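Enquirer: Sharing start_38.txt (compact mmCIF, C-alpha atoms) below.
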# COMPACT_ATOMS: atom_id res chain seq x y z
CA MET A 1342 110.16 136.09 -175.88
CA ASP A 1343 108.61 137.57 -172.78
CA ALA A 1344 104.84 137.62 -173.07
CA THR A 1345 104.56 140.90 -171.13
CA PRO A 1346 107.43 143.17 -172.17
CA GLY A 1347 107.21 146.82 -171.27
CA TRP A 1348 108.80 150.05 -172.43
CA SER A 1349 112.31 151.41 -172.58
CA ARG A 1350 113.98 153.57 -175.20
CA SER A 1351 116.09 150.74 -176.61
CA ARG A 1352 113.09 148.43 -176.91
CA ARG A 1353 110.98 151.20 -178.39
CA TRP A 1354 113.61 151.94 -181.07
CA LEU A 1355 114.03 148.25 -181.82
CA LEU A 1356 110.29 147.69 -182.03
CA GLU A 1357 109.98 150.45 -184.62
CA ALA A 1358 113.14 149.60 -186.57
CA CYS A 1359 113.06 145.83 -187.00
CA GLY A 1360 110.37 143.52 -185.70
CA ARG A 1361 112.41 140.39 -186.45
CA ARG A 1362 115.39 141.56 -184.42
CA PHE A 1363 113.05 142.65 -181.62
CA VAL A 1364 111.69 139.10 -181.31
CA LEU A 1365 115.11 137.44 -181.51
CA ASP A 1366 116.79 139.82 -179.03
CA HIS A 1367 114.25 139.26 -176.28
CA PRO A 1368 114.70 136.39 -173.81
CA GLY A 1369 112.40 133.41 -173.96
CA HIS A 1370 113.13 132.27 -177.52
CA ALA A 1371 114.38 128.66 -177.39
CA ALA A 1372 117.03 129.13 -180.07
CA HIS A 1373 118.76 132.01 -178.31
CA ALA A 1374 117.86 131.80 -174.62
CA GLY A 1375 120.63 129.37 -173.68
CA GLY A 1376 123.50 130.73 -175.82
CA PRO A 1377 126.01 133.42 -174.85
CA PRO A 1378 124.96 137.02 -175.51
CA PRO A 1379 126.45 138.71 -178.60
CA PRO A 1380 129.62 140.81 -178.10
CA HIS A 1381 127.85 144.17 -178.39
CA LEU A 1382 125.41 143.16 -175.64
CA GLN A 1383 128.29 141.95 -173.46
CA GLN A 1384 129.97 145.33 -173.94
CA VAL A 1385 126.84 147.21 -172.84
CA ARG A 1386 126.59 145.06 -169.72
CA VAL A 1387 130.27 145.56 -168.86
CA LEU A 1388 129.98 149.35 -169.21
CA ARG A 1389 126.84 149.45 -167.10
CA GLY A 1390 128.34 147.25 -164.40
CA TRP A 1391 131.55 149.32 -164.34
CA ARG A 1392 129.59 152.55 -163.96
CA ASN A 1393 127.42 151.07 -161.22
CA ASP A 1394 130.50 149.88 -159.35
CA LEU A 1395 131.92 153.42 -159.47
CA LEU A 1396 128.73 154.92 -158.06
CA ALA A 1397 128.27 152.19 -155.44
CA ASP A 1398 131.84 152.59 -154.17
CA ARG A 1399 131.37 156.36 -154.14
CA ALA A 1400 128.30 155.90 -151.93
CA GLU A 1401 130.51 153.96 -149.49
CA GLY A 1402 133.05 156.79 -149.40
CA HIS A 1403 135.58 155.34 -151.88
CA VAL A 1404 136.53 157.37 -154.95
CA TRP A 1405 138.29 155.70 -157.89
CA SER A 1406 141.20 157.47 -159.55
CA PRO A 1407 141.08 157.89 -163.35
CA ARG A 1408 144.01 155.49 -163.65
CA LEU A 1409 142.14 152.81 -161.70
CA MET A 1410 139.00 153.48 -163.77
CA ARG A 1411 140.94 152.86 -166.99
CA HIS A 1412 142.66 149.74 -165.69
CA VAL A 1413 139.47 148.07 -164.44
CA LEU A 1414 137.40 148.89 -167.53
CA ASP A 1415 140.15 147.79 -169.94
CA HIS A 1416 140.55 144.51 -168.04
CA ARG A 1417 136.81 143.79 -168.13
CA LEU A 1418 136.44 144.62 -171.82
CA ALA A 1419 139.47 142.47 -172.69
CA ARG A 1420 137.64 139.42 -171.33
CA ILE A 1421 134.81 139.79 -173.88
CA ASP A 1422 134.93 137.21 -176.66
CA GLY A 1423 134.74 139.14 -179.90
CA PRO A 1424 136.37 141.91 -181.91
CA PHE A 1425 137.55 143.87 -178.85
CA ARG A 1426 140.08 141.17 -177.94
CA SER A 1427 141.76 141.38 -181.37
CA ASP A 1428 141.77 145.19 -181.54
CA PRO A 1429 143.42 146.65 -178.40
CA PRO A 1430 143.73 150.22 -179.84
CA ALA A 1431 139.96 150.43 -180.40
CA ARG A 1432 139.37 149.08 -176.91
CA ARG A 1433 141.70 151.68 -175.39
CA ARG A 1434 139.95 154.48 -177.27
CA LEU A 1435 136.62 153.26 -175.93
CA VAL A 1436 138.04 153.09 -172.40
CA ARG A 1437 139.42 156.64 -172.59
CA ARG A 1438 136.12 157.99 -173.85
CA HIS A 1439 134.08 156.42 -171.06
CA VAL A 1440 136.56 157.35 -168.34
CA LEU A 1441 136.47 160.99 -169.46
CA ARG A 1442 132.67 160.84 -169.47
CA MET A 1443 132.46 159.46 -165.93
CA ARG A 1444 135.03 161.96 -164.68
CA GLY A 1445 132.94 164.75 -166.15
CA LEU A 1446 129.84 163.41 -164.41
CA LEU A 1447 131.48 163.02 -161.00
CA GLU A 1448 133.08 166.49 -161.25
CA HIS A 1449 129.87 168.17 -162.43
CA ALA A 1450 128.99 170.97 -160.02
CA TRP A 1451 125.34 169.99 -159.55
CA PHE A 1452 126.00 166.25 -159.30
CA ALA A 1453 128.81 166.71 -156.78
CA THR A 1454 126.44 168.78 -154.62
CA ALA A 1455 123.29 166.68 -155.01
CA VAL A 1456 125.06 163.30 -154.71
CA PRO A 1457 128.18 163.88 -152.57
CA VAL A 1458 130.73 161.22 -151.69
CA GLY A 1459 129.29 158.89 -149.06
CA ALA A 1460 125.65 159.73 -149.83
CA SER A 1461 123.16 156.87 -149.59
CA ILE A 1462 122.10 155.90 -153.12
CA VAL A 1463 120.25 153.05 -154.84
CA LEU A 1464 121.18 151.76 -158.30
CA PRO A 1465 118.09 150.10 -159.83
CA ASP A 1466 118.44 147.18 -162.20
CA ALA A 1467 116.87 147.76 -165.62
CA ARG A 1468 116.49 144.01 -166.18
CA HIS A 1469 113.68 143.80 -163.61
CA ASP A 1470 110.30 145.14 -164.62
CA VAL A 1471 107.44 146.16 -162.36
CA PRO A 1472 103.66 145.82 -162.87
CA PHE A 1473 101.87 148.84 -164.26
CA HIS A 1474 98.17 149.33 -164.85
CA ASN A 1475 98.69 149.65 -168.62
CA GLY A 1476 101.37 147.00 -168.94
CA ARG A 1477 104.81 146.58 -167.40
CA LEU A 1478 107.58 149.10 -166.91
CA TRP A 1479 111.23 148.51 -167.79
CA ALA A 1480 112.35 152.15 -167.93
CA VAL A 1481 113.97 152.84 -164.56
CA PRO A 1482 116.07 155.71 -163.23
CA ASP A 1483 119.81 155.22 -163.04
CA LEU A 1484 120.19 156.53 -159.50
CA VAL A 1485 117.82 157.07 -156.57
CA ARG A 1486 119.04 159.16 -153.63
CA ASP A 1487 117.19 157.91 -150.56
CA ALA A 1488 118.22 160.68 -148.16
CA THR A 1489 116.73 163.51 -150.24
CA ARG A 1490 114.35 161.35 -152.29
CA SER A 1491 115.88 162.61 -155.52
CA VAL A 1492 116.05 160.69 -158.79
CA VAL A 1493 118.70 161.02 -161.52
CA LEU A 1494 118.50 159.64 -165.05
CA PHE A 1495 121.66 159.36 -167.19
CA ARG A 1496 121.41 159.57 -170.97
CA SER A 1497 123.88 159.93 -173.85
CA GLY A 1498 123.60 160.62 -177.54
CA ARG A 1499 121.10 162.76 -179.37
CA ALA A 1500 117.62 162.79 -177.91
CA PRO A 1501 114.76 165.26 -178.36
CA THR A 1502 113.58 167.00 -175.23
CA ALA A 1503 110.16 165.40 -175.57
CA VAL A 1504 111.76 161.93 -175.42
CA LEU A 1505 113.65 162.79 -172.24
CA ASP A 1506 110.48 164.19 -170.67
CA LEU A 1507 108.52 161.07 -171.51
CA GLU A 1508 111.23 158.77 -170.19
CA ALA A 1509 111.38 160.83 -166.99
CA ALA A 1510 107.63 160.34 -166.55
CA LEU A 1511 108.06 156.58 -166.94
CA CYS A 1512 110.83 156.59 -164.34
CA VAL A 1513 108.58 158.47 -161.93
CA ALA A 1514 105.94 155.78 -162.45
CA TRP A 1515 108.62 153.15 -161.72
CA VAL A 1516 109.58 154.91 -158.47
CA ASP A 1517 105.91 155.14 -157.44
CA ALA A 1518 105.54 151.39 -157.93
CA THR A 1519 108.74 150.31 -156.16
CA ARG A 1520 109.59 152.81 -153.40
CA ALA A 1521 107.79 153.36 -150.12
CA TRP A 1522 107.84 157.11 -150.60
CA PRO A 1523 106.13 159.01 -153.44
CA ALA A 1524 108.25 159.95 -156.42
CA PRO A 1525 109.37 163.58 -156.72
CA VAL A 1526 107.60 165.82 -159.18
CA ARG A 1527 110.92 167.22 -160.42
CA LEU A 1528 113.39 164.75 -161.96
CA SER A 1529 116.94 165.50 -163.10
CA VAL A 1530 118.19 164.09 -166.42
CA MET A 1531 121.96 164.18 -166.86
CA HIS A 1532 122.54 164.23 -170.62
CA ALA A 1533 126.06 163.43 -171.89
CA ALA A 1534 127.04 165.68 -174.80
CA HIS A 1535 130.35 165.80 -176.68
CA HIS A 1536 131.50 168.80 -174.61
CA GLY A 1537 130.29 167.61 -171.20
CA TRP A 1538 127.20 166.85 -169.15
CA LEU A 1539 124.01 168.89 -169.36
CA ARG A 1540 121.40 168.87 -166.63
CA HIS A 1541 117.81 168.82 -167.81
CA VAL A 1542 115.10 169.25 -165.17
CA VAL A 1543 111.75 167.65 -165.97
CA VAL A 1544 108.57 168.57 -164.13
CA VAL A 1545 106.36 165.49 -164.36
CA ASP A 1546 102.79 166.75 -164.48
CA ASP A 1547 99.53 164.89 -165.09
CA ASP A 1548 99.81 165.31 -168.86
CA LEU A 1549 103.20 163.58 -168.91
CA ARG A 1550 101.89 160.76 -166.73
CA ARG A 1551 98.98 160.20 -169.11
CA ALA A 1552 101.35 160.25 -172.11
CA ALA A 1553 103.56 157.63 -170.46
CA ALA A 1554 100.57 155.39 -169.76
CA ASP A 1555 99.38 155.77 -173.35
CA LEU A 1556 102.85 154.84 -174.65
CA VAL A 1557 102.93 151.64 -172.58
CA ARG A 1558 99.46 150.70 -173.79
CA MET A 1559 100.35 151.40 -177.43
CA ASP A 1560 103.55 149.35 -177.21
CA ARG A 1561 101.71 146.42 -175.68
CA LEU A 1562 99.31 146.37 -178.62
CA GLU A 1563 102.20 146.49 -181.11
CA ILE A 1564 104.10 143.73 -179.30
CA ARG A 1565 101.02 141.51 -179.28
CA ARG A 1566 100.64 142.06 -183.03
CA LEU A 1567 104.24 140.94 -183.57
CA LEU A 1568 103.68 137.87 -181.40
CA ARG A 1569 100.63 136.86 -183.45
CA LEU A 1570 102.57 137.19 -186.72
CA TRP A 1571 105.49 135.23 -185.31
CA ARG A 1572 103.37 132.36 -184.03
CA ARG A 1573 101.28 132.05 -187.19
CA ARG A 1574 103.78 132.57 -190.01
CA GLY A 1575 107.27 132.51 -188.46
CA HIS A 1576 110.09 135.02 -188.80
CA ARG A 1577 109.46 135.70 -192.49
CA ALA A 1578 106.26 137.54 -191.56
CA LEU A 1579 108.05 139.99 -189.25
CA PRO A 1580 108.97 143.45 -190.60
CA LEU A 1581 112.65 144.12 -191.35
CA ALA A 1582 114.66 147.29 -190.94
CA GLU A 1583 114.37 149.66 -193.89
CA HIS A 1584 117.47 151.77 -193.16
CA PRO A 1585 120.91 150.08 -193.38
CA LYS A 1586 122.10 151.84 -190.21
CA ALA A 1587 119.59 149.80 -188.22
CA CYS A 1588 121.49 146.63 -189.23
CA GLU A 1589 124.85 147.82 -187.87
CA GLY A 1590 125.93 145.70 -184.95
CA CYS A 1591 123.03 143.29 -185.32
CA ALA A 1592 123.86 139.84 -183.95
CA HIS A 1593 121.38 138.17 -186.33
CA LYS A 1594 122.80 139.19 -189.72
CA VAL A 1595 123.38 135.55 -190.53
CA ASP A 1596 120.15 133.99 -191.82
CA CYS A 1597 118.54 137.43 -192.14
CA PRO A 1598 116.41 137.67 -195.32
CA GLN A 1599 117.46 141.27 -195.90
CA THR A 1600 121.19 140.46 -195.77
CA ALA A 1601 120.67 137.39 -197.93
CA GLY A 1602 118.81 139.46 -200.53
CA LYS A 1603 121.71 141.91 -200.81
CA LYS A 1604 124.21 139.08 -201.30
CA GLY A 1605 122.04 137.22 -203.78
CA ALA A 1606 121.83 134.09 -201.69
CA GLY A 1607 119.16 131.46 -202.08
CA PRO A 1608 116.16 130.94 -199.85
CA LEU A 1609 116.89 130.46 -196.15
CA THR A 1610 115.35 128.01 -193.74
CA LEU A 1611 114.27 130.04 -190.75
CA ASP A 1612 112.81 128.85 -187.51
CA ALA A 1613 109.33 127.41 -187.73
CA PRO A 1614 106.46 129.25 -186.04
CA ARG A 1615 106.23 128.58 -182.37
CA ARG A 1616 103.35 126.33 -181.36
Represent the supplied structure as structure tokens.
Expert:
Amino acid sequence: MDATPGWSRSRRWLLEACGRRFVLDHPGHAAHAGGPPPPHLQQVRVLRGWRNDLLADRAEGHVWSPRLMRHVLDHRLARIDGPFRSDPPARRRLVRRHVLRMRGLLEHAWFATAVPVGASIVLPDARHDVPFHNGRLWAVPDLVRDATRSVVLFRSGRAPTAVLDLEAALCVAWVDATRAWPAPVRLSVMHAAHHGWLRHVVVVDDDLRRAAADLVRMDRLEIRRLLRLWRRRGHRALPLAEHPKACEGCAHKVDCPQTAGKKGAGPLTLDAPRR
């Protein structure tokens, strides 16, 4: 586990939902660092890489057709070891959904104007954090337009407006720490809904910046608390998810005390505390 993890929405949700899964999912743990990632994590990486390839090629003046989008994404997902290989219909449904979503984004009136074909763009990598005065920042924008110094953040699913505003403030802090030019005060959040893309403009003021800094500081304290429990008493001391939906798709269901309790299994031998 990384000794200095920072903030992102996925890590924040995982930290609140299940402390044990949070520790096991982070790199640095000897039992999981060298093995292949679970299928659901491989799928997330494939989708992100496919989307970044579309945007990078668009910046070079090349536009993919929907047929080519479907073919490339289906081919990449078929190479994942897991349930997607044995269920082609489910994979095709997933491919159609994401192709329609990307077509809607590229055809969106504001996005087509703000980020035209051939525009110079930067696609940050969320796996690289940057130093921050209250911790480290993992939350990065999905697209930075160098020519107009604009920043775009893509999000899908249900999210309160306050969450989007706070994440936008963290992305502005990331831009301030990594780019030579100051981050814009106004940041565009493209939110994918079931009927299309919605543009949400966030004005990052001083109050939002302070709230983002407080969130990073609060998460660092919570992560340190989890680390102390893990090192002293092992995985049994870490909090487990209370809602069954939090266990869906978890790669660590095997040997999980909560799953074993539901099945009536005997005591499990978990990893010893790290020295």
Enquirer: Rounded to one decimal, what separation in Å do you get between CA of His1381 (chain A) and CA of Gly1590 (chain A)?
Expert: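 Separation of CA of His1381 (chain A) and CA of Gly1590 (chain A): 7.0 Å.
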Enquirer: Can you work out which one of A:Arg1468, A:Arg1477, A:His1416, A:Arg1362 has the shortest atom-to-atom distance to Cys1591 (chain A), counting only C-alpha atoms?
Expert: A:Arg1362
Enquirer: In terms of the shortest atom-to-atom distance over all atoms listed in the file, which of A:Val1530, A:Leu1562, A:Leu1395, A:Val1436 is closest to His1412 (chain A)?
Expert: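 Among the listed residues, the smallest separation from His1412 (chain A) belongs to A:Val1436.
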Enquirer: When distances are computed from all atoms listed in the file, which of A:Ala1400, A:Val1458, A:Leu1355, A:Val1471 shows the smallest separation from Asp1560 (chain A)?
Expert: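 Residue with the minimum atom-to-atom distance to Asp1560 (chain A): A:Leu1355.
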Enquirer: Report the distance between CA of Pro1407 (chain A) and CA of Arg1444 (chain A) in Å, rounded to one decimal place.
Expert: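 Going from CA of Pro1407 (chain A) over to CA of Arg1444 (chain A) covers 7.4 Å.
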Enquirer: For Gly1459 (chain A), please output as JSON, numbers by chain all residues within 7 Å (counting all atoms listed in the file; exclusion window: fewer than 2 positions along the same chain).
Expert: {"A": [1399, 1400, 1401, 1402, 1457, 1461]}
Enquirer: Could you please determine the separation between CA of Ala1358 (chain A) and CA of Gln1383 (chain A) in Å, to one decimal place?
Expert: 21.4 Å
Enquirer: Please identify every residue of region 1528-1596 of chain A that has at least one atom no farther than 7 Å from an atom of region 1499-1523 of chain A, counting only C-alpha atoms, and for each give the shortest atom pair and the distance in Å to one decimal, arranged by chain then increasing number, as JSON lines.
Expert:
{"residue": "A:Leu1528", "atom": "CA", "partner": "A:Ala1509", "partner_atom": "CA", "distance": 6.7}
{"residue": "A:Val1543", "atom": "CA", "partner": "A:Asp1506", "partner_atom": "CA", "distance": 6.0}
{"residue": "A:Val1545", "atom": "CA", "partner": "A:Ala1510", "partner_atom": "CA", "distance": 5.7}
{"residue": "A:Leu1549", "atom": "CA", "partner": "A:Ala1510", "partner_atom": "CA", "distance": 6.0}
{"residue": "A:Arg1550", "atom": "CA", "partner": "A:Ala1510", "partner_atom": "CA", "distance": 5.8}
{"residue": "A:Ala1553", "atom": "CA", "partner": "A:Leu1511", "partner_atom": "CA", "distance": 5.8}
Enquirer: Would you pick out the contacts of region 1485-1491 of chain A at 8 Å or less, using all atoms listed in the file, so that residues sharing its chain but fewer than 4 positions from it are not included, and give the list as a PyMOL selection string?
Expert: chain A and resi 1456+1460-1465+1522+1524-1525+1528
Enquirer: Of the candidates A:Ala1534, A:Val1493, A:Ala1455, A:Ala1467, which one gets nearest to Arg1438 (chain A) if we count only C-alpha atoms?
Expert: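 Of A:Ala1534, A:Val1493, A:Ala1455, A:Ala1467, the one nearest Arg1438 (chain A), counting only C-alpha atoms, is A:Ala1534.
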Enquirer: Measuring between all atoms listed in the file, which one of A:Asp1470, A:Gln1599, A:Ile1421, A:Arg1411 shows the shortest distance to Glu1583 (chain A)?
Expert: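 For Glu1583 (chain A), the nearest of the candidates is A:Gln1599.
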